[in-house]
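Text of protein32.tsv (TSV, C-alpha atoms) as supplied:
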chain	number	residue	atom	x	y	z
A	712	MET	CA	25.75	-45.06	-16.20
A	713	SER	CA	22.41	-43.31	-16.04
A	714	PRO	CA	22.02	-39.83	-17.57
A	715	THR	CA	21.68	-38.38	-14.07
A	716	THR	CA	24.94	-39.98	-12.94
A	717	ILE	CA	26.74	-38.74	-16.06
A	718	ALA	CA	25.39	-35.22	-15.51
A	719	LEU	CA	26.46	-35.14	-11.86
A	720	ALA	CA	29.91	-36.57	-12.59
A	721	THR	CA	30.42	-34.10	-15.43
A	722	ALA	CA	29.34	-31.21	-13.20
A	723	ALA	CA	31.87	-32.30	-10.55
A	724	GLY	CA	34.59	-32.31	-13.21
A	725	VAL	CA	33.51	-28.89	-14.46
A	726	LEU	CA	33.68	-27.47	-10.93
A	727	ALA	CA	37.20	-28.81	-10.44
A	728	ALA	CA	38.32	-27.60	-13.88
A	729	SER	CA	36.90	-24.14	-13.25
A	730	TRP	CA	38.63	-23.90	-9.87
A	731	ALA	CA	42.00	-24.96	-11.30
A	732	GLY	CA	41.51	-22.91	-14.46
A	733	THR	CA	40.76	-19.77	-12.47
A	734	ARG	CA	44.05	-20.16	-10.63
A	735	ALA	CA	45.86	-20.53	-13.96
A	736	VAL	CA	44.18	-17.42	-15.37
A	737	MET	CA	45.07	-15.54	-12.19
A	738	LEU	CA	48.76	-16.27	-12.70
A	739	TYR	CA	48.50	-15.01	-16.29
A	740	ALA	CA	46.42	-11.96	-15.40
A	741	ARG	CA	48.73	-10.75	-12.63
A	742	ALA	CA	51.25	-9.85	-15.31
A	743	ARG	CA	49.00	-8.93	-18.24
A	744	LEU	CA	45.45	-8.17	-17.10
A	745	LEU	CA	45.27	-6.09	-13.92
A	746	ASP	CA	42.15	-4.10	-13.06
A	747	VAL	CA	43.57	-0.86	-11.65
A	748	PRO	CA	41.11	1.07	-9.42
A	749	ASN	CA	39.77	4.46	-10.51
A	750	GLU	CA	37.16	6.88	-9.19
A	751	ARG	CA	34.35	4.66	-10.51
A	752	SER	CA	35.70	1.39	-9.06
A	753	SER	CA	34.36	-0.48	-6.04
A	754	HIS	CA	37.75	-2.05	-5.21
A	755	ALA	CA	40.83	-0.43	-3.71
A	756	ALA	CA	43.78	-2.54	-4.90
A	757	PRO	CA	44.87	-3.66	-8.39
A	758	THR	CA	43.25	-7.06	-9.00
A	759	PRO	CA	43.65	-9.50	-11.90
A	760	ARG	CA	40.59	-9.94	-14.09
A	761	GLY	CA	39.51	-12.35	-16.82
A	762	GLY	CA	38.81	-15.29	-14.50
A	763	GLY	CA	35.55	-15.85	-16.34
A	764	LEU	CA	37.61	-17.54	-19.06
A	765	ALA	CA	37.93	-20.56	-16.76
A	766	ILE	CA	34.16	-20.60	-16.23
A	767	ILE	CA	33.43	-20.65	-19.93
A	768	LEU	CA	36.10	-23.17	-20.96
A	769	ALA	CA	35.06	-25.58	-18.20
A	770	PHE	CA	31.39	-25.15	-19.12
A	771	LEU	CA	31.97	-25.75	-22.85
A	772	ALA	CA	34.03	-28.87	-22.11
A	773	GLY	CA	31.25	-30.22	-19.90
A	774	LEU	CA	28.62	-29.36	-22.51
A	775	MET	CA	30.54	-31.34	-25.11
A	776	VAL	CA	30.64	-34.36	-22.80
A	777	LEU	CA	26.89	-34.22	-22.15
A	778	ALA	CA	26.13	-33.78	-25.85
A	779	LEU	CA	28.35	-36.68	-26.93
A	780	THR	CA	26.84	-38.98	-24.28
A	781	GLY	CA	23.29	-38.04	-25.28
A	782	VAL	CA	22.41	-36.50	-21.92
A	783	VAL	CA	21.78	-33.18	-23.65
A	784	PRO	CA	20.07	-33.06	-27.07
A	785	ALA	CA	22.34	-31.86	-29.88
A	786	ARG	CA	19.85	-29.10	-30.73
A	787	LEU	CA	20.14	-27.62	-27.24
A	788	ALA	CA	23.92	-27.92	-27.17
A	789	LEU	CA	24.16	-26.14	-30.53
A	790	ALA	CA	21.77	-23.41	-29.37
A	791	VAL	CA	23.94	-22.74	-26.32
A	792	GLY	CA	27.57	-23.57	-27.07
A	793	PRO	CA	28.68	-21.66	-30.21
A	794	GLY	CA	26.99	-18.42	-29.16
A	795	ALA	CA	28.54	-18.63	-25.69
A	796	ALA	CA	31.96	-19.21	-27.28
A	797	ALA	CA	31.54	-16.16	-29.53
A	798	ILE	CA	30.47	-13.87	-26.71
A	799	SER	CA	33.27	-15.06	-24.44
A	800	ALA	CA	35.79	-14.47	-27.25
A	801	ILE	CA	34.73	-10.84	-27.80
A	802	GLY	CA	34.63	-10.38	-24.01
A	803	TRP	CA	38.17	-11.72	-23.65
A	804	MET	CA	39.32	-9.29	-26.33
A	805	ASP	CA	37.52	-6.43	-24.56
A	806	ASP	CA	39.18	-7.35	-21.26
A	807	HIS	CA	42.57	-6.89	-22.93
A	808	GLY	CA	41.71	-3.63	-24.64
A	809	HIS	CA	38.56	-1.71	-25.50
A	810	VAL	CA	36.49	-3.20	-28.33
A	811	ALA	CA	34.11	-0.76	-30.01
A	812	ALA	CA	30.48	-1.11	-28.93
A	813	ARG	CA	29.32	-1.73	-32.50
A	814	TRP	CA	31.51	-4.85	-32.77
A	815	ARG	CA	30.39	-6.17	-29.39
A	816	SER	CA	26.76	-5.55	-30.35
A	817	LEU	CA	27.25	-7.32	-33.68
A	818	VAL	CA	28.59	-10.42	-31.94
A	819	HIS	CA	25.86	-10.32	-29.29
A	820	PHE	CA	23.05	-10.10	-31.84
A	821	ALA	CA	24.62	-12.75	-34.07
A	822	ALA	CA	24.83	-15.12	-31.07
A	823	ALA	CA	21.23	-14.31	-30.13
A	824	PHE	CA	19.86	-15.07	-33.60
A	825	TRP	CA	22.00	-18.22	-33.73
A	826	ALA	CA	20.37	-19.49	-30.54
A	827	LEU	CA	16.88	-18.57	-31.73
A	828	ALA	CA	17.48	-20.40	-35.01
A	829	TRP	CA	18.31	-23.64	-33.19
A	830	LEU	CA	15.40	-23.18	-30.79
A	831	GLY	CA	12.97	-22.56	-33.65
A	832	GLY	CA	12.35	-18.91	-32.82
A	833	MET	CA	10.80	-17.28	-29.80
A	834	PRO	CA	8.51	-19.77	-28.01
A	835	ALA	CA	4.98	-18.91	-26.93
A	836	LEU	CA	5.03	-17.25	-23.53
A	837	ARG	CA	2.95	-18.94	-20.86
A	838	VAL	CA	1.00	-16.67	-18.54
A	839	GLY	CA	-1.08	-18.69	-16.11
A	840	GLU	CA	-3.04	-21.33	-17.97
A	841	GLY	CA	-2.76	-19.52	-21.32
A	842	ALA	CA	0.06	-18.60	-23.70
A	843	ALA	CA	0.90	-15.61	-25.91
A	844	THR	CA	2.31	-16.33	-29.37
A	845	LEU	CA	4.45	-13.59	-30.91
A	846	GLY	CA	5.04	-15.14	-34.33
A	847	VAL	CA	7.73	-13.57	-36.51
A	848	PHE	CA	7.85	-10.54	-34.20
A	849	GLY	CA	9.07	-12.93	-31.54
A	850	TRP	CA	12.46	-13.15	-33.26
A	851	VAL	CA	13.03	-9.45	-32.64
A	852	VAL	CA	11.76	-9.66	-29.06
A	853	GLY	CA	13.84	-12.77	-28.40
A	854	ALA	CA	17.04	-11.30	-29.83
A	855	LEU	CA	16.61	-8.05	-27.90
A	856	GLY	CA	15.91	-10.00	-24.72
A	857	ILE	CA	19.02	-12.17	-25.08
A	858	VAL	CA	21.23	-9.16	-25.82
A	859	TRP	CA	19.80	-7.20	-22.90
A	860	VAL	CA	20.36	-10.02	-20.39
A	861	THR	CA	23.88	-10.50	-21.80
A	862	ASN	CA	24.66	-6.85	-21.09
A	863	LEU	CA	22.78	-6.42	-17.83
A	864	TYR	CA	24.71	-9.31	-16.32
A	865	ASN	CA	27.88	-7.48	-17.29
A	866	PHE	CA	26.57	-4.27	-15.69
A	867	MET	CA	25.86	-6.11	-12.44
A	868	ASP	CA	29.35	-7.56	-12.13
A	869	GLY	CA	30.74	-4.72	-10.05
A	870	ILE	CA	31.60	-6.04	-6.57
A	871	ASP	CA	33.22	-9.18	-5.21
A	872	GLY	CA	31.15	-12.34	-5.47
A	873	ILE	CA	27.93	-10.87	-6.81
A	874	ALA	CA	27.88	-12.17	-10.41
A	875	ALA	CA	29.19	-15.65	-9.66
A	876	GLY	CA	27.00	-15.83	-6.55
A	877	GLU	CA	23.96	-14.94	-8.65
A	878	ALA	CA	24.83	-17.69	-11.14
A	879	VAL	CA	25.22	-20.28	-8.40
A	880	SER	CA	22.15	-19.37	-6.33
A	881	ALA	CA	19.71	-18.62	-9.16
A	882	GLY	CA	21.13	-21.55	-11.11
A	883	ILE	CA	20.58	-24.06	-8.29
A	884	ALA	CA	16.97	-22.91	-8.00
A	885	ALA	CA	16.53	-23.23	-11.77
A	886	VAL	CA	17.98	-26.76	-11.77
A	887	ALA	CA	15.53	-27.85	-9.08
A	888	LEU	CA	12.55	-26.30	-10.86
A	889	LEU	CA	13.60	-27.75	-14.22
A	890	TRP	CA	13.89	-31.21	-12.67
A	891	ILE	CA	10.43	-30.89	-11.13
A	892	SER	CA	9.10	-29.70	-14.49
A	893	GLY	CA	10.48	-32.71	-16.36
A	894	ALA	CA	13.22	-31.02	-18.42
A	895	PRO	CA	16.39	-32.99	-17.54
A	896	GLY	CA	18.37	-31.79	-20.56
A	897	VAL	CA	17.96	-28.08	-19.77
A	898	ALA	CA	18.52	-28.89	-16.09
A	899	ALA	CA	21.81	-30.63	-16.90
A	900	VAL	CA	23.12	-27.66	-18.89
A	901	THR	CA	22.09	-25.26	-16.12
A	902	LEU	CA	23.89	-27.49	-13.60
A	903	LEU	CA	27.08	-27.03	-15.62
A	904	VAL	CA	26.66	-23.25	-15.36
A	905	VAL	CA	26.29	-23.61	-11.59
A	906	ALA	CA	29.35	-25.86	-11.28
A	907	ALA	CA	31.59	-23.68	-13.45
A	908	SER	CA	30.51	-20.55	-11.55
A	909	ALA	CA	31.05	-22.23	-8.17
A	910	GLY	CA	34.63	-23.16	-9.06
A	911	PHE	CA	35.34	-19.53	-9.88
A	912	LEU	CA	33.42	-18.20	-6.86
A	913	ALA	CA	35.92	-19.88	-4.53
A	914	TRP	CA	38.47	-17.32	-5.77
A	915	ASN	CA	36.05	-14.41	-6.20
A	916	TRP	CA	34.17	-14.35	-2.88
A	917	PRO	CA	35.14	-11.24	-0.87
A	918	PRO	CA	37.91	-10.34	-0.69
A	919	ALA	CA	38.24	-11.33	-4.35
A	920	ARG	CA	41.58	-12.55	-5.61
A	921	ILE	CA	40.44	-12.29	-9.23
A	922	PHE	CA	37.58	-10.68	-11.12
A	923	MET	CA	35.37	-12.33	-13.72
A	924	GLY	CA	35.81	-9.78	-16.50
A	925	ASP	CA	33.62	-9.33	-19.56
A	926	VAL	CA	34.64	-12.77	-20.79
A	927	GLY	CA	32.62	-14.29	-17.97
A	928	SER	CA	29.84	-11.86	-17.07
A	929	GLY	CA	28.46	-11.32	-20.56
A	930	THR	CA	28.59	-15.01	-21.34
A	931	LEU	CA	26.77	-15.96	-18.14
A	932	GLY	CA	24.02	-13.51	-19.04
A	933	TYR	CA	23.76	-15.03	-22.50
A	934	LEU	CA	23.62	-18.56	-21.10
A	935	PHE	CA	20.81	-17.74	-18.68
A	936	ALA	CA	18.82	-15.97	-21.41
A	937	VAL	CA	19.10	-18.88	-23.86
A	938	LEU	CA	18.37	-21.46	-21.17
A	939	ALA	CA	15.26	-19.51	-20.17
A	940	LEU	CA	14.01	-19.61	-23.77
A	941	ALA	CA	14.89	-23.31	-24.08
A	942	SER	CA	12.97	-23.96	-20.85
A	943	GLU	CA	9.91	-22.11	-22.18
A	944	ASP	CA	10.19	-24.00	-25.46
A	945	ALA	CA	10.31	-27.33	-23.59
A	946	GLY	CA	7.18	-26.49	-21.59
A	947	ALA	CA	9.21	-26.53	-18.37
A	948	VAL	CA	9.88	-23.43	-16.22
A	949	PRO	CA	8.13	-20.45	-17.89
A	950	LEU	CA	10.20	-17.51	-19.06
A	951	LEU	CA	8.46	-15.19	-16.59
A	952	LEU	CA	9.69	-17.34	-13.72
A	953	TRP	CA	13.27	-17.16	-14.99
A	954	VAL	CA	12.85	-13.38	-14.76
A	955	VAL	CA	11.77	-13.92	-11.15
A	956	LEU	CA	14.83	-16.09	-10.39
A	957	LEU	CA	17.15	-13.47	-11.90
A	958	GLY	CA	15.01	-10.63	-10.59
A	959	VAL	CA	17.68	-8.89	-8.50
A	960	PHE	CA	19.88	-8.38	-11.55
A	961	VAL	CA	17.02	-7.66	-13.96
A	962	LEU	CA	15.35	-5.02	-11.79
A	963	ASP	CA	18.50	-3.26	-10.60
A	964	ALA	CA	20.04	-3.05	-14.08
A	965	THR	CA	16.82	-2.08	-15.86
A	966	VAL	CA	15.64	0.54	-13.35
A	967	THR	CA	19.11	2.07	-13.13
A	968	LEU	CA	19.40	2.28	-16.93
A	969	VAL	CA	15.99	3.93	-17.25
A	970	ARG	CA	16.78	6.44	-14.49
A	971	ARG	CA	20.09	7.35	-16.09
A	972	LEU	CA	18.40	7.80	-19.47
A	973	MET	CA	15.80	10.08	-17.90
A	974	ARG	CA	18.59	12.11	-16.29
A	975	GLY	CA	20.30	12.60	-19.65
A	976	GLU	CA	23.44	10.69	-18.68
A	977	ARG	CA	25.70	8.94	-21.16
A	978	VAL	CA	24.58	5.40	-20.39
A	979	TYR	CA	27.57	3.82	-22.12
A	980	GLU	CA	29.98	5.38	-19.62
A	981	ALA	CA	31.07	3.57	-16.45
A	982	HIS	CA	29.26	4.60	-13.27
A	983	ARG	CA	28.42	3.53	-9.72
A	984	SER	CA	24.67	4.11	-9.70
A	985	HIS	CA	23.37	0.55	-9.35
A	986	ALA	CA	21.64	-0.27	-6.09
A	987	TYR	CA	24.27	-2.84	-5.10
A	988	GLN	CA	27.05	-0.30	-5.71
A	989	ARG	CA	25.26	2.32	-3.64
A	990	ALA	CA	24.82	-0.19	-0.82
A	991	VAL	CA	28.61	-0.57	-0.77
A	992	GLN	CA	29.05	3.22	-0.87
A	993	ALA	CA	26.75	3.40	2.17
A	994	GLY	CA	29.35	1.45	4.12
A	995	HIS	CA	28.24	-2.16	3.72
A	996	PRO	CA	31.09	-4.55	2.85
A	997	HIS	CA	31.05	-6.53	-0.36
A	998	ALA	CA	30.40	-9.81	1.46
A	999	ARG	CA	27.30	-8.42	3.15
A	1000	VAL	CA	25.87	-7.00	-0.08
A	1001	SER	CA	26.58	-10.13	-2.10
A	1002	GLY	CA	25.24	-12.27	0.76
A	1003	THR	CA	22.06	-10.20	0.82
A	1004	VAL	CA	21.60	-10.90	-2.88
A	1005	LEU	CA	21.84	-14.61	-2.11
A	1006	GLY	CA	19.13	-14.19	0.52
A	1007	LEU	CA	16.89	-12.32	-1.88
A	1008	ASN	CA	17.43	-15.07	-4.43
A	1009	ALA	CA	16.26	-17.68	-1.92
A	1010	ALA	CA	13.01	-15.75	-1.43
A	1011	LEU	CA	12.58	-15.41	-5.20
A	1012	ALA	CA	13.16	-19.15	-5.62
A	1013	ALA	CA	10.34	-19.86	-3.16
A	1014	ILE	CA	8.03	-17.57	-5.14
A	1015	ALA	CA	8.96	-19.32	-8.40
A	1016	LEU	CA	8.46	-22.76	-6.84
A	1017	ALA	CA	4.91	-21.88	-5.82
A	1018	ALA	CA	4.13	-20.87	-9.41
A	1019	VAL	CA	5.69	-24.02	-10.89
A	1020	LEU	CA	3.54	-26.16	-8.62
A	1021	ARG	CA	0.44	-24.08	-9.44
A	1022	PRO	CA	0.69	-22.56	-12.95
A	1023	ALA	CA	-2.27	-20.26	-12.26
A	1024	LEU	CA	0.08	-18.35	-9.96
A	1025	ILE	CA	2.63	-17.52	-12.68
A	1026	LEU	CA	1.46	-13.95	-13.27
A	1027	PRO	CA	0.76	-13.18	-9.57
A	1028	ALA	CA	4.19	-14.59	-8.70
A	1029	PHE	CA	5.83	-12.41	-11.34
A	1030	LEU	CA	4.03	-9.28	-10.16
A	1031	GLY	CA	4.65	-10.13	-6.51
A	1032	ALA	CA	8.37	-10.53	-7.17
A	1033	ILE	CA	8.47	-7.09	-8.80
A	1034	VAL	CA	6.83	-5.52	-5.75
A	1035	PHE	CA	9.19	-7.39	-3.40
A	1036	LEU	CA	12.28	-6.25	-5.31
A	1037	ALA	CA	10.97	-2.71	-5.70
A	1038	LEU	CA	10.74	-2.48	-1.91
A	1039	ALA	CA	14.34	-3.70	-1.60
A	1040	TYR	CA	15.44	-1.16	-4.22
A	1041	ARG	CA	13.58	1.59	-2.37
A	1042	LEU	CA	15.36	0.64	0.86
A	1043	VAL	CA	18.74	1.15	-0.82
A	1044	GLU	CA	17.50	4.44	-2.20
A	1045	ARG	CA	16.70	5.61	1.32
A	1046	ILE	CA	20.12	4.72	2.76
A	1047	HIS	CA	22.10	6.00	-0.25
A	1048	PRO	CA	20.16	7.85	-2.99
A	1049	MET	CA	21.41	8.02	-6.54
A	1050	SER	CA	23.74	11.02	-6.78
A	1051	PRO	CA	22.41	14.27	-8.26
A	1052	ARG	CA	22.44	14.53	-12.01
A	1053	PRO	CA	25.99	15.33	-13.14
A	1054	PRO	CA	26.54	18.53	-15.13
A	1055	ARG	CA	26.84	18.26	-18.89
A	1056	GLY	CA	30.40	17.44	-19.86
A	1057	GLY	CA	31.21	16.48	-16.25

Represent the structure from my file as C-alpha cells, please.
Amino acid sequence: MSPTTIALATAAGVLAASWAGTRAVMLYARARLLDVPNERSSHAAPTPRGGGLAIILAFLAGLMVLALTGVVPARLALAVGPGAAAISAIGWMDDHGHVAARWRSLVHFAAAFWALAWLGGMPALRVGEGAATLGVFGWVVGALGIVWVTNLYNFMDGIDGIAAGEAVSAGIAAVALLWISGAPGVAAVTLLVVAASAGFLAWNWPPARIFMGDVGSGTLGYLFAVLALASEDAGAVPLLLWVVLLGVFVLDATVTLVRRLMRGERVYEAHRSHAYQRAVQAGHPHARVSGTVLGLNAALAAIALAAVLRPALILPAFLGAIVFLALAYRLVERIHPMSPRPPRGG
C-alpha cells in the first residue's frame, strides 16, 4: 500500500477506536469520575469526564502504526509521542484528584524540552520571504510556547463540543495546508489528531454525554504546539499560520488571562470569564457557540490558505486574523461584558 493509503486507513481505525474507547471510558467515569456542577460550571447536570483518554490512546496507537510502517519519520514520532503520553498521564491523575501546579508544570516543561530536543531546537520563524533565527534563546521561547498552548487549550475546554470541535476543524485545515506544502509526515500525524478527536466529538457534541477532561485538553494543546514547530522546521506551514488556524483559542485565552492579571485576580482559580463562556451566559446554547467557533475557523483557514499560496502574505494574514478575531471578541464583550472586578478575598 502507498503511504497515503496507510495513513488514511490508520486514521479510520483511530476514529473507530476513539469512538469505542470514549464509550468505554464513559462507563468507567459514571461511577468514578463525575464532573459535578458548581457556580463556575457551564453545565447543569453531573457528567462523566476523562473521555480524552480515548483520544490519546487511539492517537498513540495510530502514531505507532505510522512510525513502524515508515509513513512518519521516527524523529517526528519521538518528538510527539512520549511527551503527549506524559502530559496525558498527569492530566488523567489530575482528573481523578487535584495535582499540584508545580508537578503539572514540571511535566509540561519536561515534555516541551523533550520535543524540542528531537526537533533540533526552535526552528527559524518565517515571516514573509525572510526568517528570524532565535538561536539558543529559541529553546526558552519554544518551551514557553508549547507549555502555554498546552494550558490554553485546557482553559478553552469549558463547554460542550468546543475543544474537540476546534481540534477537528483546525486540524482538517492544517492537514490540507500541510499536504499542499509538501509535508506528508506532519500531515499524517495531524490527521490522526483529527480522527481521534472526531471519534470523541460524536459523544461530546451538545448535549455532551462525556467531557474531555485534562487528560485530553492539555494533550491536544501540546500536540498542536509540537506539530506547529515540526511544520516550521520542515519548511511547510509557518508557525504564524498555525497561530491563525488556532486563533480563536489563542486570542480568547491570552486576552482573558491578561485582563484577569490586570484586574488583580488569582489567575489559577477557576472562572467563567472567557469570551465563549460569556456568550453562553448571554443565553446562547452550547451548540450555537461551538458552531460559531467552527465558522470562525473556516474563515481563518481561508486566510491561512491565501498566505500558504503566497508567502509574502504571511505577516498581513497574521495581522488580519488578529483584527478579525478582535472584532469577534469585542462583539461578545458588547453582549456580555466581563463581570466587574471581584473584591479581594471574594

Residues within 7 Å of region 729-736 of chain A, all atoms listed in the file, excluding chain neighbours under 3 positions, as a count of residues only: 11

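Residue nearest Gln992 (chain A) within the list A:Ala941, A:Glu1044, A:Gly946, A:Ala874: A:Glu1044 [criterion: smallest interatomic distance, only C-alpha atoms].
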
Given only C-alpha atoms as the counted atoms, nearest of A:Phe1035, A:Phe922, A:Trp825, A:Trp890 to Ile873 (chain A): A:Phe922

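Across the structure, CA of Ala778 (chain A) and CA of Val900 (chain A) are spaced 9.7 Å apart.
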
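Restricting the calculation to only C-alpha atoms, the smallest distance between Ala1012 (chain A) and any of A:Leu962, A:Val1000, A:Ala884, A:Ala1039 is found for A:Ala884.
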
Given 4 Å on each side, where is the centre and what are the edge lengths in Å to one decimal of the axis-aligned box enclosing the listed atoms of region 839-846 of chain A, as JSON?
{"center_x": 1.0, "center_y": -17.5, "center_z": -25.2, "size_x": 16.1, "size_y": 15.7, "size_z": 26.2}

Within-10 Å shell of (30.4, -13.1, -21.2) in input frame, only C-alpha atoms, as a VMD selection string: chain A and resid 763 to 764 766 to 767 795 to 803 819 861 to 862 864 to 865 923 to 934

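Taking all atoms listed in the file, the non-local environment of region 970-987 of chain A within 7 Å (same-chain residues fewer than 2 positions away omitted) comprises Arg751, Asp963, Ala964, Val966, Thr967, Leu968, Arg989, Ala990, Val991, Val1000, Tyr1040, Val1043, Met1049 and Arg1052 of chain A.
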
Output C-alpha atoms for every residue in that selection, as a compact mmCIF listing (two decimals), in the coordinates of the input.
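Generated file (selection_14.txt):
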# COMPACT_ATOMS: atom_id res chain seq x y z
CA ARG A 751 34.35 4.66 -10.51
CA ASP A 963 18.50 -3.26 -10.60
CA ALA A 964 20.04 -3.05 -14.08
CA VAL A 966 15.64 0.54 -13.35
CA THR A 967 19.11 2.07 -13.13
CA LEU A 968 19.40 2.28 -16.93
CA ARG A 989 25.26 2.32 -3.64
CA ALA A 990 24.82 -0.19 -0.82
CA VAL A 991 28.61 -0.57 -0.77
CA VAL A 1000 25.87 -7.00 -0.08
CA TYR A 1040 15.44 -1.16 -4.22
CA VAL A 1043 18.74 1.15 -0.82
CA MET A 1049 21.41 8.02 -6.54
CA ARG A 1052 22.44 14.53 -12.01

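If you measure from each of A:Gly893, A:Gly882, A:Gly869, A:Gly853 to Ser1001 (chain A) using all atoms listed in the file, the closest one turns out to be A:Gly869.
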
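CA of Gly958 (chain A) to CA of Phe866 (chain A) spans 14.1 Å [interatomic distance, one decimal].
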
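In this model, the gap between CA of Ala1018 (chain A) and CA of Gly846 (chain A) comes to 25.6 Å.
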
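Counting all atoms listed in the file and comparing A:Leu889, A:Ala823, A:Val948, A:Val879, the residue that lies closest to Trp859 (chain A) is A:Ala823.
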
Given all atoms listed in the file as the counted atoms, nearest of A:Phe960, A:Phe935, A:Trp850, A:Phe1029 to Leu1007 (chain A): A:Phe960

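Residues in contact range of Arg837 (chain A), defined as at most 10 Å between all atoms listed in the file, with sequence neighbours fewer than 2 positions away removed, read A:Pro834, A:Ala835, A:Gly839, A:Glu840, A:Gly841, A:Ala842, A:Ala843, A:Thr844, A:Glu943, A:Asp944, A:Gly946, A:Val948, A:Pro949, A:Leu950, A:Leu951, A:Leu952, A:Pro1022, A:Ile1025, A:Leu1026.
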